[in-house]
Structures are given as structure tokens and as C-alpha cells.
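Chemist: You'll find protein.csv just under this line, and it carries CSV, C-alpha atoms.
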chain,number,residue,atom,x,y,z
A,8,MET,CA,-63.6,-76.2,-72.0
A,9,PHE,CA,-61.5,-75.2,-69.0
A,10,GLY,CA,-58.9,-77.8,-70.0
A,11,LEU,CA,-58.9,-76.6,-73.6
A,12,TYR,CA,-58.3,-73.0,-72.5
A,13,CYS,CA,-55.5,-74.1,-70.2
A,14,GLY,CA,-53.9,-75.9,-73.0
A,15,ILE,CA,-54.1,-72.9,-75.3
A,16,TRP,CA,-52.8,-70.6,-72.6
A,17,ALA,CA,-49.9,-72.9,-71.8
A,18,THR,CA,-49.0,-73.2,-75.5
A,19,LEU,CA,-49.1,-69.4,-76.1
A,20,THR,CA,-47.0,-68.8,-72.9
A,21,ALA,CA,-44.4,-71.5,-73.6
A,22,PHE,CA,-43.8,-70.5,-77.2
A,23,ALA,CA,-44.3,-66.8,-76.7
A,24,PRO,CA,-40.7,-65.8,-77.5
A,25,LEU,CA,-40.9,-67.7,-80.8
A,26,TRP,CA,-44.3,-66.3,-81.7
A,27,VAL,CA,-43.1,-62.7,-80.9
A,28,ALA,CA,-40.0,-63.1,-83.0
A,29,VAL,CA,-42.0,-64.4,-86.0
A,30,LEU,CA,-44.6,-61.7,-85.6
A,31,VAL,CA,-42.1,-58.9,-85.3
A,32,LEU,CA,-40.5,-60.0,-88.5
A,33,ARG,CA,-43.9,-60.1,-90.2
A,34,ASP,CA,-44.8,-56.7,-89.0
A,35,VAL,CA,-41.5,-55.1,-90.0
A,36,LEU,CA,-41.7,-56.5,-93.5
A,37,GLY,CA,-45.3,-55.6,-93.9
A,38,ASN,CA,-45.0,-52.1,-92.2
A,39,ARG,CA,-47.9,-52.9,-89.9
A,40,ARG,CA,-46.8,-50.9,-86.9
A,41,TYR,CA,-46.3,-54.1,-84.9
A,42,ALA,CA,-50.0,-54.9,-85.1
A,43,SER,CA,-49.4,-58.6,-85.0
A,44,VAL,CA,-47.4,-58.4,-81.8
A,45,ARG,CA,-50.0,-56.1,-80.2
A,46,LEU,CA,-52.8,-58.5,-81.1
A,47,PHE,CA,-50.8,-61.5,-79.7
A,48,ALA,CA,-50.5,-59.7,-76.4
A,49,CYS,CA,-54.3,-59.1,-76.4
A,50,VAL,CA,-55.0,-62.8,-77.2
A,51,TRP,CA,-52.7,-63.9,-74.4
A,52,VAL,CA,-54.4,-61.6,-71.9
A,53,TYR,CA,-57.8,-62.8,-73.1
A,54,PHE,CA,-57.0,-66.4,-72.4
A,55,THR,CA,-55.5,-65.4,-69.0
A,56,CYS,CA,-58.6,-63.5,-68.1
A,57,GLU,CA,-60.7,-66.5,-69.1
A,58,LEU,CA,-58.8,-68.8,-66.8
A,59,LEU,CA,-58.7,-66.3,-63.9
A,60,GLY,CA,-62.4,-65.6,-64.4
A,61,LEU,CA,-63.4,-69.2,-64.3
A,62,LEU,CA,-61.3,-69.8,-61.2
A,63,ALA,CA,-62.8,-66.8,-59.5
A,64,ALA,CA,-66.3,-68.0,-60.5
A,65,PHE,CA,-65.6,-71.4,-59.0
A,66,GLY,CA,-64.4,-69.8,-55.8
A,67,LEU,CA,-67.5,-67.7,-55.5
A,68,TRP,CA,-69.6,-70.8,-56.1
A,69,VAL,CA,-67.8,-72.7,-53.4
A,70,LEU,CA,-68.3,-69.9,-50.9
A,71,HIS,CA,-72.0,-69.6,-51.7
A,72,ARG,CA,-73.1,-73.2,-52.2
A,73,CYS,CA,-70.7,-75.3,-50.2
A,74,LEU,CA,-69.5,-73.2,-47.3
A,75,LYS,CA,-72.9,-71.3,-47.0
A,76,ALA,CA,-70.7,-68.3,-46.3
A,77,ALA,CA,-72.4,-65.8,-48.7
A,78,SER,CA,-75.9,-64.5,-49.1
A,79,TRP,CA,-77.6,-64.5,-52.5
A,80,ARG,CA,-77.2,-60.7,-52.8
A,81,TRP,CA,-73.5,-61.0,-52.0
A,82,TYR,CA,-73.2,-63.7,-54.6
A,83,LEU,CA,-74.8,-61.7,-57.3
A,84,ASP,CA,-72.9,-58.6,-56.5
A,85,ARG,CA,-69.6,-60.4,-56.7
A,86,ASN,CA,-70.5,-62.0,-60.0
A,87,HIS,CA,-71.5,-58.6,-61.4
A,88,ARG,CA,-68.1,-57.2,-60.2
A,89,LEU,CA,-66.3,-60.2,-61.8
A,90,GLN,CA,-68.2,-59.5,-65.1
A,91,ALA,CA,-67.2,-55.8,-64.9
A,92,TRP,CA,-63.6,-56.7,-64.1
A,93,TRP,CA,-63.4,-59.1,-67.1
A,94,THR,CA,-64.7,-56.5,-69.6
A,95,ARG,CA,-62.6,-53.6,-68.1
A,96,THR,CA,-59.4,-55.7,-68.2
A,97,LEU,CA,-59.9,-56.7,-71.8
A,98,LEU,CA,-60.8,-53.2,-73.0
A,99,THR,CA,-57.8,-51.7,-71.1
A,100,THR,CA,-55.5,-54.3,-72.7
A,101,VAL,CA,-56.7,-53.6,-76.2
A,102,THR,CA,-56.6,-49.8,-75.9
A,103,ARG,CA,-53.1,-49.8,-74.3
A,104,ALA,CA,-51.7,-52.4,-76.7
A,105,PHE,CA,-52.9,-50.4,-79.7
A,106,SER,CA,-52.2,-47.0,-78.2
A,107,MET,CA,-55.8,-45.9,-78.3
A,108,ARG,CA,-57.5,-43.2,-76.3
A,109,ILE,CA,-61.1,-43.1,-75.1
A,110,GLN,CA,-62.9,-39.7,-74.9
A,111,ILE,CA,-66.1,-39.7,-72.9
A,112,HIS,CA,-68.8,-37.1,-73.4
A,113,GLY,CA,-71.9,-36.9,-71.2
A,114,SER,CA,-71.0,-39.5,-68.6
A,115,ASP,CA,-72.9,-37.5,-66.0
A,116,CYS,CA,-76.1,-38.5,-67.9
A,117,VAL,CA,-75.6,-42.0,-66.8
A,118,ARG,CA,-75.5,-41.3,-63.1
A,119,GLY,CA,-78.5,-42.1,-61.0
A,120,GLY,CA,-80.5,-45.2,-62.0
A,121,PRO,CA,-82.2,-47.3,-62.9
A,122,VAL,CA,-81.6,-46.8,-66.6
A,123,LEU,CA,-82.1,-48.6,-69.9
A,124,LEU,CA,-78.9,-48.3,-72.0
A,125,PHE,CA,-79.4,-48.3,-75.7
A,126,MET,CA,-76.1,-48.7,-77.5
A,127,ARG,CA,-74.7,-48.6,-81.0
A,128,HIS,CA,-73.1,-51.8,-82.2
A,129,ALA,CA,-70.2,-51.5,-84.7
A,130,SER,CA,-67.3,-53.6,-83.4
A,131,VAL,CA,-66.4,-56.6,-81.3
A,132,LEU,CA,-64.9,-54.0,-78.9
A,133,ASP,CA,-68.0,-52.0,-78.2
A,134,THR,CA,-69.4,-55.0,-76.2
A,135,LEU,CA,-66.7,-54.1,-73.7
A,136,LEU,CA,-67.5,-50.4,-73.3
A,137,PRO,CA,-70.6,-50.8,-71.0
A,138,GLY,CA,-68.8,-53.1,-68.5
A,139,ALA,CA,-65.8,-50.8,-68.3
A,140,LEU,CA,-67.5,-47.3,-68.5
A,141,VAL,CA,-70.8,-48.0,-66.8
A,142,SER,CA,-70.5,-51.0,-64.6
A,143,TRP,CA,-66.9,-50.6,-63.4
A,144,ASN,CA,-66.6,-46.8,-63.4
A,145,LEU,CA,-70.1,-46.0,-62.1
A,146,GLY,CA,-71.0,-49.1,-60.1
A,147,TYR,CA,-74.0,-50.2,-62.2
A,148,ARG,CA,-75.1,-53.8,-62.1
A,149,LEU,CA,-76.1,-54.1,-65.8
A,150,ARG,CA,-78.4,-56.8,-67.2
A,151,TYR,CA,-77.3,-57.6,-70.7
A,152,VAL,CA,-79.3,-58.5,-73.8
A,153,LEU,CA,-76.8,-60.6,-75.9
A,154,LYS,CA,-77.0,-63.1,-78.7
A,155,ARG,CA,-77.0,-66.7,-77.7
A,156,GLU,CA,-73.9,-67.5,-79.9
A,157,LEU,CA,-71.7,-65.6,-77.3
A,158,LEU,CA,-72.3,-68.5,-74.8
A,159,VAL,CA,-69.4,-70.2,-76.6
A,160,ASP,CA,-67.2,-68.0,-74.4
A,161,PRO,CA,-66.7,-69.9,-71.1
A,162,CYS,CA,-66.8,-66.9,-68.8
A,163,LEU,CA,-69.9,-65.5,-70.4
A,164,ASP,CA,-71.5,-68.9,-70.2
A,165,VAL,CA,-70.8,-69.5,-66.5
A,166,VAL,CA,-71.0,-66.0,-65.0
A,167,GLY,CA,-73.5,-64.6,-67.6
A,168,ASN,CA,-76.0,-67.3,-66.8
A,169,ARG,CA,-75.7,-66.7,-63.0
A,170,LEU,CA,-76.8,-63.1,-63.5
A,171,PRO,CA,-80.2,-61.7,-64.8
A,172,ASN,CA,-79.0,-61.5,-68.4
A,173,TYR,CA,-80.8,-62.8,-71.4
A,174,PHE,CA,-79.2,-64.5,-74.4
A,175,VAL,CA,-81.4,-64.1,-77.4
A,176,ASP,CA,-82.1,-66.9,-79.8
A,177,ARG,CA,-82.1,-64.8,-83.0
A,178,GLY,CA,-83.6,-67.7,-84.9
A,179,GLY,CA,-86.4,-68.3,-82.4
A,180,ASP,CA,-89.9,-67.0,-81.9
A,181,THR,CA,-89.5,-63.2,-82.2
A,182,ALA,CA,-92.5,-62.4,-80.0
A,183,ARG,CA,-91.4,-64.8,-77.2
A,184,GLU,CA,-87.8,-63.5,-77.3
A,185,ALA,CA,-89.1,-59.9,-77.0
A,186,ARG,CA,-91.2,-60.9,-74.0
A,187,GLU,CA,-88.2,-62.5,-72.3
A,188,VAL,CA,-86.1,-59.4,-73.0
A,189,GLY,CA,-88.9,-57.2,-71.5
A,190,LYS,CA,-88.7,-59.1,-68.2
A,191,LEU,CA,-85.2,-57.7,-67.6
A,192,ALA,CA,-86.8,-54.2,-67.0
A,193,LEU,CA,-88.8,-55.5,-64.0
A,194,GLY,CA,-87.8,-54.8,-60.5
A,195,LEU,CA,-84.7,-52.6,-61.4
A,196,GLU,CA,-83.0,-51.0,-58.4
A,197,PRO,CA,-81.3,-47.6,-58.4
A,198,ASP,CA,-77.9,-49.1,-59.1
A,199,GLU,CA,-79.1,-51.4,-61.9
A,200,GLY,CA,-79.7,-51.0,-65.6
A,201,VAL,CA,-80.5,-53.0,-68.8
A,202,LEU,CA,-78.2,-52.9,-71.8
A,203,ILE,CA,-79.4,-53.6,-75.3
A,204,TYR,CA,-78.1,-53.1,-78.8
A,205,PRO,CA,-81.2,-52.2,-80.7
A,206,GLU,CA,-79.6,-52.8,-84.1
A,207,GLY,CA,-79.5,-56.5,-83.3
A,208,THR,CA,-76.1,-57.1,-85.0
A,209,ARG,CA,-72.9,-55.3,-85.8
A,210,PHE,CA,-73.0,-52.5,-88.4
A,211,THR,CA,-71.4,-53.0,-91.8
A,212,PRO,CA,-72.2,-51.2,-95.0
A,213,LYS,CA,-73.6,-54.4,-96.5
A,214,LYS,CA,-75.8,-55.0,-93.5
A,215,ARG,CA,-77.1,-51.4,-93.7
A,216,ASN,CA,-78.0,-51.9,-97.4
A,217,ARG,CA,-79.9,-55.1,-96.7
A,218,ALA,CA,-81.6,-53.6,-93.7
A,219,LEU,CA,-82.8,-50.6,-95.6
A,220,GLU,CA,-84.2,-52.8,-98.4
A,221,ARG,CA,-86.2,-54.7,-95.7
A,222,VAL,CA,-87.5,-51.4,-94.3
A,223,ARG,CA,-88.4,-50.2,-97.8
A,224,ALA,CA,-90.5,-53.2,-98.4
A,225,ALA,CA,-92.3,-53.0,-95.1
A,226,ASP,CA,-92.6,-49.2,-94.6
A,227,PRO,CA,-91.6,-46.8,-97.4
A,228,GLY,CA,-92.1,-43.8,-95.1
A,229,ARG,CA,-89.7,-45.2,-92.5
A,230,HIS,CA,-87.2,-46.0,-95.3
A,231,GLN,CA,-87.2,-42.4,-96.3
A,232,LEU,CA,-86.4,-41.4,-92.7
A,233,PHE,CA,-83.4,-43.8,-92.7
A,234,SER,CA,-82.2,-43.2,-96.2
A,235,GLY,CA,-79.4,-41.0,-94.9
A,236,LEU,CA,-78.0,-43.5,-92.4
A,237,THR,CA,-74.2,-43.9,-92.8
A,238,HIS,CA,-72.9,-45.5,-89.7
A,239,VAL,CA,-75.8,-47.4,-88.0
A,240,LEU,CA,-78.5,-49.9,-88.9
A,241,PRO,CA,-82.2,-49.1,-88.5
A,242,PRO,CA,-83.1,-50.2,-84.9
A,243,ARG,CA,-85.1,-53.4,-84.5
A,244,ALA,CA,-87.9,-52.3,-82.1
A,245,GLY,CA,-89.0,-55.6,-80.6
A,246,GLY,CA,-86.6,-55.8,-77.6
A,247,ALA,CA,-86.4,-52.1,-77.1
A,248,LEU,CA,-90.2,-51.6,-77.0
A,249,ALA,CA,-90.5,-54.5,-74.6
A,250,LEU,CA,-88.1,-52.8,-72.2
A,251,LEU,CA,-90.0,-49.5,-72.6
A,252,ALA,CA,-93.4,-51.1,-71.8
A,253,GLU,CA,-93.1,-50.4,-68.1
A,254,GLY,CA,-92.8,-46.7,-68.8
A,255,THR,CA,-91.0,-45.9,-65.6
A,256,THR,CA,-87.3,-46.0,-66.5
A,257,ASP,CA,-85.1,-43.3,-68.1
A,258,VAL,CA,-83.3,-44.2,-71.3
A,259,VAL,CA,-79.6,-43.5,-71.9
A,260,PHE,CA,-78.3,-43.6,-75.4
A,261,CYS,CA,-74.7,-44.4,-76.2
A,262,SER,CA,-73.1,-43.6,-79.6
A,263,HIS,CA,-69.4,-43.8,-80.4
A,264,ARG,CA,-67.0,-43.4,-83.2
A,265,GLY,CA,-63.5,-44.6,-83.8
A,266,LEU,CA,-64.2,-48.4,-83.8
A,267,GLU,CA,-65.2,-48.6,-87.4
A,268,GLY,CA,-61.8,-50.0,-88.4
A,269,MET,CA,-62.3,-52.8,-85.9
A,270,MET,CA,-65.5,-54.5,-87.1
A,271,ARG,CA,-63.6,-57.9,-87.0
A,272,ALA,CA,-60.7,-59.1,-85.0
A,273,GLN,CA,-58.8,-59.5,-88.3
A,274,ASP,CA,-59.0,-55.7,-88.8
A,275,LEU,CA,-56.6,-55.2,-85.9
A,276,LEU,CA,-53.9,-56.8,-87.9
A,277,THR,CA,-53.7,-54.1,-90.5
A,278,GLY,CA,-52.0,-51.6,-88.1
A,279,THR,CA,-54.4,-48.8,-89.2
A,280,VAL,CA,-56.1,-48.7,-85.8
A,281,VAL,CA,-52.9,-47.9,-83.8
A,282,GLY,CA,-53.3,-44.6,-82.2
A,283,THR,CA,-57.1,-44.4,-82.7
A,284,THR,CA,-59.2,-42.1,-80.6
A,285,ILE,CA,-62.5,-43.6,-79.5
A,286,SER,CA,-65.1,-41.0,-78.8
A,287,VAL,CA,-68.1,-42.1,-76.7
A,288,HIS,CA,-71.3,-39.9,-76.4
A,289,PHE,CA,-74.0,-40.4,-73.8
A,290,TRP,CA,-77.4,-38.6,-73.5
A,291,ARG,CA,-80.4,-39.3,-71.4
A,292,VAL,CA,-84.2,-39.1,-72.0
A,293,ARG,CA,-86.4,-39.0,-68.9
A,294,ALA,CA,-89.2,-41.6,-68.7
A,295,ALA,CA,-91.7,-38.8,-68.5
A,296,ASP,CA,-90.6,-37.6,-71.9
A,297,ILE,CA,-90.9,-40.9,-73.7
A,298,PRO,CA,-94.3,-41.6,-75.4
A,299,ARG,CA,-96.5,-44.3,-73.9
A,300,ASP,CA,-98.1,-45.7,-77.1
A,301,ALA,CA,-96.0,-48.4,-78.8
A,302,ARG,CA,-96.4,-46.8,-82.2
A,303,ASP,CA,-95.2,-43.5,-80.9
A,304,GLN,CA,-92.4,-45.1,-79.0
A,305,ARG,CA,-91.1,-46.7,-82.3
A,306,ALA,CA,-91.2,-43.3,-84.0
A,307,TRP,CA,-89.4,-41.8,-81.0
A,308,LEU,CA,-86.7,-44.5,-81.1
A,309,ASP,CA,-86.2,-43.9,-84.8
A,310,GLN,CA,-85.6,-40.2,-84.2
A,311,GLN,CA,-83.1,-41.0,-81.4
A,312,TRP,CA,-81.3,-43.4,-83.7
A,313,ILE,CA,-80.8,-40.6,-86.3
A,314,ARG,CA,-79.0,-38.8,-83.5
A,315,VAL,CA,-77.0,-41.9,-82.8
A,316,ASN,CA,-75.9,-41.9,-86.4
A,317,GLU,CA,-74.9,-38.2,-86.2
A,318,HIS,CA,-72.6,-38.8,-83.3
A,319,ALA,CA,-71.1,-41.8,-85.0
A,320,GLN,CA,-69.9,-39.8,-88.0
A,321,PRO,CA,-66.3,-38.6,-88.1
How does the structure come out when it is put into C-alpha cells?
Modeler:
Amino acid sequence: MFGLYCGIWATLTAFAPLWVAVLVLRDVLGNRRYASVRLFACVWVYFTCELLGLLAAFGLWVLHRCLKAASWRWYLDRNHRLQAWWTRTLLTTVTRAFSMRIQIHGSDCVRGGPVLLFMRHASVLDTLLPGALVSWNLGYRLRYVLKRELLVDPCLDVVGNRLPNYFVDRGGDTAREAREVGKLALGLEPDEGVLIYPEGTRFTPKKRNRALERVRAADPGRHQLFSGLTHVLPPRAGGALALLAEGTTDVVFCSHRGLEGMMRAQDLLTGTVVGTTISVHFWRVRAADIPRDARDQRAWLDQQWIRVNEHAQP
């Protein structure tokens, strides 16, 4: 995989002047505000970050395994920092390339851990927000709950599997996967947290309609509660409830708006996202204020997700 990425990066770099010339012409003729050129710059930086990340990961492995020059804690800390650098660099590249602004509300709510971070999922870009805003800016060592398909990314595969993350098999045994997710909440230190996207997948209007139909069939009362959802999916409680089972960790919710036009990478090509303002909202619920019974926790999570939807609206 490293060789493949080297080849792609070398091709992009060698033919960059030709690519840029063609893309500028395409953007001018299509009145796309140079969206294609902006995206090309992001793609080049992505492959550069992949190569640098893999080289750095190899260097850390050499220091730890071969030279015996680094403790296990040092090794984990440096891999956490590498993961945060990777996400921050990619997010900064995209926001600058597309002239976006990020407004953060309630960041003080995140300070002082450990925490469970429950986040809205609406775009390929919101997977970068926690690493940049929470890990890099605030120094948290986040444990991620992510779908197993993301292991196709080399850096996520190498560094992500060194750290106490969990890559969910969405086609596997639901109960077993929830138990494995729940283990991430064990032994959290004050500078650590667990990140999960309770919706389980990115929001789209079609997915919302399908999810509401499933809720209607299973629980008409819950369907009525969620009938007004406009920008989020009903939360899937399995992983979230497993994390809450310990009952000793505060929960921070994160909602955002401004990424709705970037549900897919292709959406960046339209030019409509140039100059977008991304508004991020955090709020915190103390562990003492969270119900202990699983049924009550699910009802509590549903109510919080209504608030997530409210903050996601324009």
C-alpha cells in the first residue's frame, strides 16, 4: 500500500502543472469558483499526509521496538499526537482551500476529562473535527469508535490499530460489537475520552426516511418523538448505552451545521461550499445527571438528540 500511495503522490506531483491548467479551464467554463483546483490541492495534501504519517509511524515503531528507546506510554502518546496531527492538517487544508471558517461554541464544556463525546455525523469532514478541535487543541487522547471499512486508509490501519480504538463490523453480531465498544470506556484517565457517532452512519434525507420507517415499525411512540427530525438520524443506542454502562463519565455532545453540502467528496466540486461557515456546538451532561437504568438512558439520549437536531438547523 505504501508503494501504491508513493506512486499516486509522485504522479500527482509530476503532472501537477498540467492538472491545474486543465482544472482551471474546467472551473472557469463551469463557473465553479475554482472548486476543482481547490479539491486537487486537498487530494495532494491528503496523499502527502499519508506518506508522512506512515514514515513517522515507522520511525516510532523503530524507536520503541528496535532501539528500546521509548516506553509504552511514550509510544502511545506519540501515536495519539500523530493521529491528531493528521486530522488537524487535513481539516486545516480543506477549510483554507475552500475559504471556510469554523465557529466554536461551548468549547469550555470539553475541558476536564475523562469524557464520552457523542457527535453528529453528516459529512466526510466531520470525522476530522474531533481530532483537530478536541485532541490537538485541548490535548485529549481520544479513543475512536469507527466503521471497519475505514481501515482501507493506510494511516488509520497502522496508527489506528496501535491505539485503543475500535473498528466496528457493522455486519457482525450486534451484541458482541456493542460489548467491544463498551470496553473503551474502561480505565479512562483525565486526559482521555471516547468518541462515537451514535447515528452509526452519515446523515442523508433518504437514510433519515428509512431510519424513521424502522423506528415506526419497532416503536410507534419513539417514531412520534423523532417525526420532526430534519438534519440527524435517530441514534442507535447499542454502542452509546454500552459506553454509559459504567455510569461514571460525563458526556459531551457535539452538533454542527455548515457541512450539509459536503456529504460526499464529489459535493466539493460544485463550488457551492466555498466560503461556508461551519458552526460547532458543544454541551456537557454530568455523569450524576444521566439516568442509570438502560431504558431511561435510551430515552435521555433520544431527548439529547433532539437538541443535536436543533443545533444542526440553519
Chemist: Might you pull out every residue within 10 Å of stretch 233-245 of chain A, with all atoms listed in the file counted and same-chain residues fewer than 6 positions away left off, and present them as a ChimeraX atom specification?
Modeler: /A:127-129,181-182,184-186,188-189,204-212,214-219,221-223,227,262,264,267,301,304-306,308-313,315-321
Chemist: At a cut-off of 9 Å, using all atoms listed in the file, what residues contact A:Leu193? Leave out same-chain residues fewer than 2 positions from it and give the result as a list in words.
Modeler: Gly189, Lys190, Leu191, Leu195, Leu250 and Glu253 of chain A
Chemist: Determine, for each residue of stretch 198-311 of chain A having at least one atom at most 9 Å from an atom of stretch 82-106 of chain A, the closest pair of atoms and their separation in Å to one decimal, counting only C-alpha atoms; order by chain and ascending number, as a Markdown table.
Modeler:
| residue | atom | partner | partner_atom | distance |
| --- | --- | --- | --- | --- |
| A:Leu275 | CA | A:Phe105 | CA | 8.7 |
| A:Gly278 | CA | A:Phe105 | CA | 8.5 |
| A:Val280 | CA | A:Phe105 | CA | 7.1 |
| A:Val281 | CA | A:Phe105 | CA | 4.8 |
| A:Gly282 | CA | A:Ser106 | CA | 4.8 |
| A:Thr283 | CA | A:Ser106 | CA | 7.1 |
| A:Thr284 | CA | A:Ser106 | CA | 8.9 |
Chemist: List every protein, DNA or RNA residue with an atom no more than 12 Å from (-62.5, -39.9, -74.9) in the file's coordinates, counting only C-alpha atoms, and format the result as a ChimeraX atom specification.
Modeler: /A:102,107-114,136,140,263-265,283-289
Chemist: Counting all atoms listed in the file, which residue out of A:Lys213, A:Arg299, A:Arg118, A:Arg229 sits closest to A:Thr255?
Modeler: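 Smallest separation from A:Thr255 among the options: A:Arg299.
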Chemist: Choose the residue, out of A:Arg40, A:Ala17, A:Thr279, A:Arg169, that has the smallest atom-to-atom separation from A:Leu266; count all atoms listed in the file.
Modeler: A:Thr279
